[in-house]
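Q: Here's a structure for you.
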Amino acid sequence: MRARVIALALLAGCGRGEAQTDPAPSATTTATAPLPEVDAELDFTLRGRAVRSLSKRELAQRIPPERVQGYDPYYEADKTFLALPIAAVLKLGFAGEDVDLAGTHYVLRASDGYTVPMTGEQLVGDGAYLALADVDMPGWAPIGSQKAHPGPFYLIWKDHPSLESHPRPWQLVGIEVAKFEDVFPRTAPSGLANDHPAWRGYATFRKRCIKCHAINQQGGLVGPELNIPQNITEYRPEEQIRAYIRNPLTFRYSKMPAAADLSEAQLDELVAYLSAMKDRKQDPKAKP
């Protein structure tokens, strides 16, 4: 009950340039302006159909907030958040719908275009939480290299610090129940033999790249579109593409993380996928 009271206080602020904080704050707690997204809403969509939107306040009132503490790879430090178990959030968001929450697929969308496909098995079973407030710094500490505001909703994991295996989209605005193939049909290298390396490259692209990059206008919007109007292999030599994927910071400062862990074979397959897609362009914006 005390956590819920604290959550509502952090969400509400006091309207006079001060912030309501825990009566017994930790040594790292810093008072800042109250959260700016008190009435922010999270949208729930079922295979293209809007189900409902739930406000931050409503979520905190209907699901008991918990203090979740652990290492956060974006902050590179231990952090404490007031958060809700994502399983409870999904149950409330899709209440009344015929959905196997753990057995379905999801697409999580952030306000900046970051798009994360994820299985229900991982999202529901691996200890995911929806952070509503930063206990260490009411009003949220800036996050990531771009020092962004992570609110109104930030997906965190209690015991999984790897960003590769357990993405952490901040500024989350929507959760959709949908299969990857239904949401991103134009990204597949269709027509190729099942053993073509492009299919293995496609699997890597789905896992590592589509969160930020689009193919044929389907995927994330944080990074550049990679296929239309020109495929990246049409204006960048292969060796440059491989080197950029390995360590983009050697070319320019950007949000793109290095992928030093990819093997040479995986890079071959990823380039094979990108190259195959130049013959499979589908531009929804092109004039007939």
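In the structure tokens, chains take the letters A, B, ... in the order shown, each chain's residues start at 1, and ligands count up from 1 in the order shown.
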Show which residues sit within 6 Å of Cys212 of chain A, as a list of chain:residue names. Count only C-alpha atoms, and ignore same-chain residues fewer than 3 positions away.
A: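 Skipping anything fewer than 3 positions along the chain leaves A:Tyr114, A:Cys209, A:Gly220, A:Leu221, A:Val222, A:Gly223.
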Q: Kindly save the residues from that selection, with C-alpha atoms included, as a JSON list (two decimals), in the first residue's frame.
A:
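And here is the file that came out, selection08.json:
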[["chain", "number", "residue", "atom", "x", "y", "z"],
["A", 114, "TYR", "CA", 11.75, 2.34, -31.77],
["A", 209, "CYS", "CA", 18.10, -4.55, -36.50],
["A", 220, "GLY", "CA", 11.72, 0.94, -36.60],
["A", 221, "LEU", "CA", 12.13, 4.60, -37.41],
["A", 222, "VAL", "CA", 15.12, 5.48, -35.24],
["A", 223, "GLY", "CA", 17.67, 4.59, -37.93]]
Q: Determine which residues of segment 226-260 of chain A DSSP labels as helix (DSSP H, G or I) from the backbone of this structure, then write them out as a ChimeraX atom specification.
A: /A:232-234,238-246,248-250
Q: Would you export the selected residues with N, CA and C atoms as a tab-separated table (two decimals), in the first residue's frame, please?
A:
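Wrote it out as part06.tsv, contents follow:
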chain	number	residue	atom	x	y	z
A	232	ILE	N	20.73	-0.16	-49.35
A	232	ILE	CA	22.03	0.29	-48.85
A	232	ILE	C	23.18	-0.32	-49.63
A	233	THR	N	23.00	-1.53	-50.17
A	233	THR	CA	24.08	-2.15	-50.94
A	233	THR	C	24.26	-1.50	-52.30
A	234	GLU	N	23.33	-0.62	-52.69
A	234	GLU	CA	23.43	0.08	-53.97
A	234	GLU	C	24.25	1.36	-53.86
A	238	GLU	N	30.24	-3.33	-49.83
A	238	GLU	CA	30.02	-4.36	-48.82
A	238	GLU	C	30.96	-4.24	-47.64
A	239	GLU	N	32.24	-4.02	-47.91
A	239	GLU	CA	33.19	-3.95	-46.80
A	239	GLU	C	32.88	-2.79	-45.86
A	240	GLN	N	32.39	-1.70	-46.41
A	240	GLN	CA	32.02	-0.56	-45.57
A	240	GLN	C	30.79	-0.88	-44.73
A	241	ILE	N	29.84	-1.58	-45.32
A	241	ILE	CA	28.64	-1.99	-44.57
A	241	ILE	C	29.04	-2.88	-43.41
A	242	ARG	N	29.90	-3.85	-43.67
A	242	ARG	CA	30.33	-4.78	-42.63
A	242	ARG	C	31.05	-4.03	-41.51
A	243	ALA	N	31.96	-3.13	-41.90
A	243	ALA	CA	32.72	-2.38	-40.90
A	243	ALA	C	31.81	-1.47	-40.08
A	244	TYR	N	30.81	-0.90	-40.74
A	244	TYR	CA	29.89	-0.01	-40.02
A	244	TYR	C	29.07	-0.79	-39.01
A	245	ILE	N	28.61	-1.97	-39.40
A	245	ILE	CA	27.84	-2.80	-38.47
A	245	ILE	C	28.70	-3.19	-37.27
A	246	ARG	N	29.96	-3.51	-37.54
A	246	ARG	CA	30.88	-3.89	-36.47
A	246	ARG	C	31.05	-2.78	-35.44
A	248	PRO	N	29.92	1.29	-35.58
A	248	PRO	CA	29.48	2.52	-36.26
A	248	PRO	C	30.19	3.78	-35.79
A	249	LEU	N	30.69	3.78	-34.55
A	249	LEU	CA	31.32	4.98	-34.02
A	249	LEU	C	32.64	5.31	-34.70
A	250	THR	N	33.20	4.36	-35.46
A	250	THR	CA	34.40	4.66	-36.22
A	250	THR	C	34.07	5.48	-37.47
Q: Taking 3 positions as the minimum chain separation for residues in the same chain, which residues sit within 12 Å of Gln266 of chain A when counting only C-alpha atoms? Answer as an MDAnalysis selection string.
A: chainID A and resid 197:205 208 242 245:246 259:263 269:273
Q: For N, CA and C atoms, I'd like the residues from the last selection saved as a CSV table (one decimal), in the first residue's frame.
A:
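And here's selection12.csv as it stands now:
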chain,number,residue,atom,x,y,z
A,197,PRO,N,21.3,-18.2,-47.7
A,197,PRO,CA,21.8,-17.5,-46.6
A,197,PRO,C,21.0,-16.2,-46.2
A,198,ALA,N,20.3,-15.7,-47.2
A,198,ALA,CA,19.5,-14.5,-46.9
A,198,ALA,C,18.5,-14.7,-45.8
A,199,TRP,N,18.0,-16.0,-45.7
A,199,TRP,CA,17.0,-16.3,-44.7
A,199,TRP,C,17.6,-16.2,-43.3
A,200,ARG,N,18.9,-16.7,-43.2
A,200,ARG,CA,19.6,-16.6,-41.9
A,200,ARG,C,19.9,-15.2,-41.6
A,201,GLY,N,20.2,-14.4,-42.6
A,201,GLY,CA,20.5,-13.0,-42.4
A,201,GLY,C,19.2,-12.3,-42.0
A,202,TYR,N,18.1,-12.7,-42.5
A,202,TYR,CA,16.8,-12.2,-42.1
A,202,TYR,C,16.5,-12.4,-40.7
A,203,ALA,N,16.8,-13.6,-40.2
A,203,ALA,CA,16.6,-13.9,-38.8
A,203,ALA,C,17.5,-13.0,-37.9
A,204,THR,N,18.7,-12.7,-38.3
A,204,THR,CA,19.5,-11.8,-37.6
A,204,THR,C,18.9,-10.4,-37.6
A,205,PHE,N,18.5,-10.0,-38.8
A,205,PHE,CA,17.9,-8.6,-38.9
A,205,PHE,C,16.7,-8.5,-38.0
A,208,ARG,N,18.1,-8.3,-34.4
A,208,ARG,CA,19.0,-7.2,-34.0
A,208,ARG,C,18.7,-5.9,-34.6
A,242,ARG,N,29.9,-3.9,-43.7
A,242,ARG,CA,30.3,-4.8,-42.6
A,242,ARG,C,31.1,-4.0,-41.5
A,245,ILE,N,28.6,-2.0,-39.4
A,245,ILE,CA,27.8,-2.8,-38.5
A,245,ILE,C,28.7,-3.2,-37.3
A,246,ARG,N,30.0,-3.5,-37.5
A,246,ARG,CA,30.9,-3.9,-36.5
A,246,ARG,C,31.0,-2.8,-35.4
A,259,ALA,N,28.2,-4.0,-33.1
A,259,ALA,CA,27.8,-5.5,-33.1
A,259,ALA,C,29.0,-6.3,-33.3
A,260,ALA,N,30.0,-6.1,-32.4
A,260,ALA,CA,31.3,-6.8,-32.5
A,260,ALA,C,31.1,-8.3,-32.2
A,261,ASP,N,30.0,-8.7,-31.7
A,261,ASP,CA,29.8,-10.2,-31.4
A,261,ASP,C,29.4,-11.0,-32.6
A,262,LEU,N,28.9,-10.3,-33.7
A,262,LEU,CA,28.5,-11.0,-34.9
A,262,LEU,C,29.7,-11.7,-35.5
A,263,SER,N,29.5,-13.0,-35.9
A,263,SER,CA,30.6,-13.7,-36.6
A,263,SER,C,30.7,-13.2,-38.0
A,269,GLU,N,25.7,-13.4,-44.0
A,269,GLU,CA,24.3,-13.7,-44.1
A,269,GLU,C,23.5,-12.4,-44.1
A,270,LEU,N,23.9,-11.5,-43.2
A,270,LEU,CA,23.1,-10.2,-43.1
A,270,LEU,C,23.3,-9.4,-44.4
A,271,VAL,N,24.5,-9.4,-45.0
A,271,VAL,CA,24.7,-8.7,-46.3
A,271,VAL,C,23.9,-9.4,-47.4
A,272,ALA,N,23.9,-10.7,-47.3
A,272,ALA,CA,23.1,-11.5,-48.3
A,272,ALA,C,21.6,-11.1,-48.3
A,273,TYR,N,21.1,-10.9,-47.0
A,273,TYR,CA,19.7,-10.5,-46.9
A,273,TYR,C,19.5,-9.1,-47.5
Q: What are the DSSP strand (DSSP E or B) residues of segment 46-233 of chain A, as a PyMOL selection string?
A: chain A and resi 46+49-55+66-72+77-85+105-110+115-119+128-134+143+148+154-157+172-177+214-215+218-219
Q: Quick one: contact table of segment 167-237 of chain A to segment 81-102 of chain A, 10 Å max, nearest atom pair and distance in Å to one decimal per residue, counting only C-alpha atoms, chain and number order, as a tab-separated table?
A:
residue	atom	partner	partner_atom	distance
A:Ile175	CA	A:Leu90	CA	8.6
A:Glu176	CA	A:Phe94	CA	9.7
A:Val177	CA	A:Val99	CA	8.4
Q: Could you tell me how far atom CA of Lys56 of chain A sits from atom CA of Glu41 of chain A, in Å to one decimal place?
A: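 Calculated distance between atom CA of Glu41 of chain A and atom CA of Lys56 of chain A is 5.9 Å.
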Q: Which residues are close to Gly174 of chain A, i.e. within 10 Å by only C-alpha atoms, leaving aside same-chain residues fewer than 2 positions away? Reply as an NGL selection string.
A: :A and (41-45 or 53 or 107-111 or 115 or 153 or 171-172 or 176)
Q: May I have the residues within 9 Å of segment 127-134 of chain A as a VMD selection string, using only C-alpha atoms and disregarding those fewer than 4 positions away in the same chain?
A: chain A and resid 7 10 to 11 35 56 60 65 68 79 to 87 89 122 to 123 138 to 141 151 to 160 166
Q: Rounded to one decimal in Å, what is the spacing between atom CA of Met256 of chain A and atom CA of Ser165 of chain A?
A: 16.0 Å
Q: Name all residues at most 10 Å from Lys179 of chain A (count only C-alpha atoms; drop same-chain ones fewer than 5 positions away) and give them as a compact mmCIF listing (two decimals) with N, CA and C atoms, in the first residue's frame.
A:
# COMPACT_ATOMS: atom_id res chain seq x y z
N ARG A 47 -4.15 -7.11 -33.02
CA ARG A 47 -4.11 -7.40 -34.46
C ARG A 47 -4.76 -6.28 -35.28
N THR A 104 1.37 -15.66 -27.12
CA THR A 104 1.21 -14.85 -28.32
C THR A 104 2.48 -14.07 -28.62
N HIS A 105 2.42 -13.21 -29.64
CA HIS A 105 3.53 -12.34 -30.00
C HIS A 105 3.09 -10.89 -29.83
N TYR A 106 4.06 -10.04 -29.54
CA TYR A 106 3.78 -8.62 -29.30
C TYR A 106 4.71 -7.75 -30.14
N VAL A 107 4.24 -6.54 -30.37
CA VAL A 107 5.08 -5.48 -30.92
C VAL A 107 4.95 -4.29 -29.98
N PRO A 117 9.67 -6.23 -31.68
CA PRO A 117 8.89 -7.47 -31.67
C PRO A 117 9.36 -8.36 -30.52
N MET A 118 8.44 -9.04 -29.86
CA MET A 118 8.82 -9.85 -28.72
C MET A 118 7.80 -10.96 -28.50
N THR A 119 8.26 -12.12 -28.09
CA THR A 119 7.34 -13.22 -27.80
C THR A 119 6.71 -13.03 -26.41
N PHE A 184 5.07 -7.00 -40.31
CA PHE A 184 6.19 -6.64 -41.18
C PHE A 184 6.28 -7.57 -42.40
N PRO A 185 5.21 -7.76 -43.16
CA PRO A 185 5.25 -8.73 -44.27
C PRO A 185 6.21 -8.33 -45.39
Q: Quick one: of A:Met277, A:Val183, A:Ile210, A:Ala265, who's nearest to Asn227 of chain A, counting only C-alpha atoms?
A: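 That would be A:Met277, the residue with the smallest distance to Asn227 of chain A.
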Q: What does the structure give for the distance between atom CA of Pro150 of chain A and atom CA of Leu226 of chain A, in Å to one decimal?
A: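 Computing the Euclidean distance for atom CA of Pro150 of chain A and atom CA of Leu226 of chain A yields 26.7 Å.
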